[in-house]
Amino acid sequence: MRLARFIEYLIARRSLLAVIALVLMAALVLVDIILPPAYTHFPWDAIGGFAAFFGFAACAALIFLARLLGEKLLYRDEDYYDDHE
Amino acid sequence: MITSEWIHPSLLLIAGALVVPWLKGRVLQGWMVLLPLLVLAALALAQPGEYGQLAFLGMELVTGRVDQLAMVFGWVFGIVLLIGAIYALHVNDRVQHVAAFLYGASALGVVFAGDLITLYVFWELMVVTSVWLIWRRKTEVSFHAGFRYLIIHAVGGVMLLAGIILFQFETGTTRFDQIAADGPAFWLILAAFLINAAVPPLHAWLTDAYPEATVTGAVFMSALTTKTAVYTLIRGYPGTEMLVWLGAFMTLYGVTFAMLSNDIRRLLSYHIVSQVGYMVAGVGLGTALALSGSASHAFTHILYKALLFMGAGAVIHMTGRSKLSELGGLYRYMPWTFVLYLVGGVSISAFPLFSGYVSKTMIVEAAAVDGRAVIWLMLAVASAGTFLSTTLKLPYKTWLGEDSGLRPREAPWNMLLAMGIAAALCFLIGIFPGLLYALLPEPVDFNAYTMSVFLKEMQLLLFTGLAFCLLLKYVGGGPKISLDVDWLYRRGGPRLIESVGTAIVTTDRTVRRVALDQLTRITSHMERKHGRDGKLAKSWPTGSMAMWTAIVLAMLLTFGVYR
């Protein structure tokens, strides 16, 4: 189980990995702002970091939308279909 | 159907599958690996052209049409049959093996069909063979799910046949190219294709049945039925505007409902709906770039989706559990399954260097070139959602997260080998997309590895990850099921029947009561008039009868005398 130990090693250093990821993300946005867009099909292509903002917003929206849909409308107990089949 | 340059891969598979019941042990295992290899060899030998012409009821059938579009799907079906067979080597159920090979043969039959009649035959064969992959789970739930699967596809099959008959009347041919009919033929055939492509609201058969299929059967199912439908859409309906919107809607529908799923294979099934949405949208866009995108996305999708289903299946096989709320902390015990699953995860999420990146971005780019802003944004939201639930939420709750106390062993070697092959191919295509692009019918004028595509995709994905980490405690879930369109025929239908039944019973009861009341009233009326104390019954006594007899006799006497 050497692989398991390696994964454990990574998990133990998760805060370091998080810092690396954040630096990488900041660098990506920075490069996107500095670099002129290769083409502009849409107005937002010219805005540096748009995709980053959009990804964050889309993810948050999906999390809350799904939760709302589930709790207000779609969630049922697991045995919901049982008595009819 | 067999000439020197053309051996129909379906015939080969059918013949090979029919041998399976007489084999066992190592011989069976060897045959299960050899047969898909023979199919791949037959595909390698196939030359473009038309083969196996038959005359049937005055129609010219082409049972084998080989061109590049058909070959793209033929190749990937062959590869996934090999992977799926290796994954199922440990399974000691020959019914499943026969069903899987016959199912693969039917899917290949559809892809190589040059006319609609041949296509229809294999289309139906696909349903009756694949349903056994659900039923062989041998649970009450899978039995019912299989029946619902069968019924929905039977309806689709009838629509397809009706459409084909009308098409033949309208155009005088059954050749399968772009469907050049208008009116009912066009719509009926399209509807049948859309049912198999699992386009909402016609998708519930998939998310209902796939999670109930056997662990190994679901791998074949995730690959074949919907992608055969994508093939028929690319061939028959390129540039149909409606499909752009349906496809984009599908991508969002799939990711949203995946968020609500607690069963791991149901979650992945909703992501089939979502990913097929990209392909359907590409078909609708209809440009050379978009159609290439759809075909190559079908190719990469089959491999990474099979990998994801194999990873989830391995967990179910080893733990006997399939719900996120009952899993967690498995990375110590199933680390290889975890890592191989993650390769599938980053592939479906379209991370650079993995297969989804080189095909999905092509469809997104085609939408951009076409100037479709709303579609582009919808597809981008779906990209975020795909990463969110397949690669963050599912692995987190299964392999990391709270320890469930489960202590399973690692999956058997054959499962890991099959996953390894799929993972290697996902990686290979991601690094050398040219290999995939070379198979496509049109030359591909697109490079996924440009700075702007790379920057957009990486930002989108990494910031989705950031949002997930920050909002983890708001990600819902728990031991619940969520309703979907299948409610209509699982609950709504029975309820409708029940309420119609109740209405009939109450009407019947009312009618009977009213009739009975009337009868009672009539009899009591009779009773009153003619009963013992009734006016008309007062002269009933025997005495009065004797008197009347006497009167009559007296009259007779009197009149008789006078005569």
# chains A, B, ... in the order shown; residues from 1 in each chain; ligands from 1
$ closest_atom_pairs --of "chain B" --to "chain A" --cutoff "6 Å" --atoms "only C-alpha atoms" --output "Markdown table"
| residue | atom | partner | partner_atom | distance |
| --- | --- | --- | --- | --- |
| B:Thr256 | CA | A:Ala66 | CA | 5.9 |
| B:Arg332 | CA | A:Ala4 | CA | 5.1 |
| B:Pro335 | CA | A:Ala4 | CA | 5.4 |
| B:Val381 | CA | A:Ala58 | CA | 5.4 |
| B:Ala384 | CA | A:Gly55 | CA | 5.9 |
| B:Lys456 | CA | A:Ala51 | CA | 5.5 |
| B:Gln459 | CA | A:Ala52 | CA | 4.5 |
| B:Leu460 | CA | A:Gly55 | CA | 4.3 |
| B:Phe463 | CA | A:Phe56 | CA | 5.0 |
| B:Thr464 | CA | A:Phe56 | CA | 4.8 |
| B:Ala467 | CA | A:Phe56 | CA | 5.4 |
| B:Val475 | CA | A:Ile63 | CA | 5.9 |
| B:Gly476 | CA | A:Arg67 | CA | 5.7 |
| B:Lys480 | CA | A:Asp77 | CA | 5.3 |
| B:Ile481 | CA | A:Glu78 | CA | 5.4 |
| B:Ser482 | CA | A:Tyr75 | CA | 4.4 |
| B:Leu483 | CA | A:Leu74 | CA | 4.9 |
$ select_by_dssp --residues "chain A" --states "helix (DSSP H, G or I)" --output "ChimeraX atom specification"
/A:2-12,14-34,43-46,50-74,82-84
$ decode --residues "segment 68-79 of chain A" --atoms "N, CA, C and O atoms" --output "PDB file, in the first residue's frame"
ATOM      1  N   LEU A  68     -31.698  24.236  -3.085  1.00  0.00           N
ATOM      2  CA  LEU A  68     -33.049  24.808  -3.037  1.00  0.00           C
ATOM      3  C   LEU A  68     -34.051  23.878  -3.735  1.00  0.00           C
ATOM      4  O   LEU A  68     -35.111  23.551  -3.191  1.00  0.00           O
ATOM      5  N   LEU A  69     -33.671  23.440  -4.936  1.00  0.00           N
ATOM      6  CA  LEU A  69     -34.537  22.528  -5.701  1.00  0.00           C
ATOM      7  C   LEU A  69     -34.826  21.266  -4.900  1.00  0.00           C
ATOM      8  O   LEU A  69     -35.960  20.793  -4.852  1.00  0.00           O
ATOM      9  N   GLY A  70     -33.777  20.732  -4.288  1.00  0.00           N
ATOM     10  CA  GLY A  70     -33.926  19.497  -3.540  1.00  0.00           C
ATOM     11  C   GLY A  70     -34.843  19.677  -2.356  1.00  0.00           C
ATOM     12  O   GLY A  70     -35.827  18.955  -2.190  1.00  0.00           O
ATOM     13  N   GLU A  71     -34.548  20.674  -1.553  1.00  0.00           N
ATOM     14  CA  GLU A  71     -35.273  20.783  -0.298  1.00  0.00           C
ATOM     15  C   GLU A  71     -36.694  21.285  -0.462  1.00  0.00           C
ATOM     16  O   GLU A  71     -37.580  20.926   0.297  1.00  0.00           O
ATOM     17  N   LYS A  72     -36.917  22.135  -1.486  1.00  0.00           N
ATOM     18  CA  LYS A  72     -38.272  22.683  -1.658  1.00  0.00           C
ATOM     19  C   LYS A  72     -39.142  21.784  -2.533  1.00  0.00           C
ATOM     20  O   LYS A  72     -40.356  21.890  -2.516  1.00  0.00           O
ATOM     21  N   LEU A  73     -38.506  20.951  -3.365  1.00  0.00           N
ATOM     22  CA  LEU A  73     -39.325  20.309  -4.387  1.00  0.00           C
ATOM     23  C   LEU A  73     -39.067  18.815  -4.563  1.00  0.00           C
ATOM     24  O   LEU A  73     -39.990  18.013  -4.600  1.00  0.00           O
ATOM     25  N   LEU A  74     -37.796  18.424  -4.647  1.00  0.00           N
ATOM     26  CA  LEU A  74     -37.514  17.110  -5.229  1.00  0.00           C
ATOM     27  C   LEU A  74     -37.087  16.019  -4.261  1.00  0.00           C
ATOM     28  O   LEU A  74     -37.200  14.845  -4.574  1.00  0.00           O
ATOM     29  N   TYR A  75     -36.572  16.374  -3.095  1.00  0.00           N
ATOM     30  CA  TYR A  75     -36.116  15.323  -2.197  1.00  0.00           C
ATOM     31  C   TYR A  75     -37.286  14.529  -1.628  1.00  0.00           C
ATOM     32  O   TYR A  75     -38.316  15.087  -1.249  1.00  0.00           O
ATOM     33  N   ARG A  76     -37.102  13.206  -1.578  1.00  0.00           N
ATOM     34  CA  ARG A  76     -38.079  12.325  -0.941  1.00  0.00           C
ATOM     35  C   ARG A  76     -37.315  11.303  -0.111  1.00  0.00           C
ATOM     36  O   ARG A  76     -36.125  11.090  -0.319  1.00  0.00           O
ATOM     37  N   ASP A  77     -38.039  10.630   0.774  1.00  0.00           N
ATOM     38  CA  ASP A  77     -37.403   9.549   1.520  1.00  0.00           C
ATOM     39  C   ASP A  77     -37.017   8.433   0.565  1.00  0.00           C
ATOM     40  O   ASP A  77     -37.638   8.259  -0.474  1.00  0.00           O
ATOM     41  N   GLU A  78     -36.014   7.659   0.986  1.00  0.00           N
ATOM     42  CA  GLU A  78     -35.491   6.634   0.086  1.00  0.00           C
ATOM     43  C   GLU A  78     -36.514   5.545  -0.246  1.00  0.00           C
ATOM     44  O   GLU A  78     -36.423   4.903  -1.278  1.00  0.00           O
ATOM     45  N   ASP A  79     -37.494   5.348   0.648  1.00  0.00           N
ATOM     46  CA  ASP A  79     -38.472   4.287   0.370  1.00  0.00           C
ATOM     47  C   ASP A  79     -39.705   4.825  -0.362  1.00  0.00           C
ATOM     48  O   ASP A  79     -40.720   4.162  -0.440  1.00  0.00           O
TER      49      ASP A  79
END
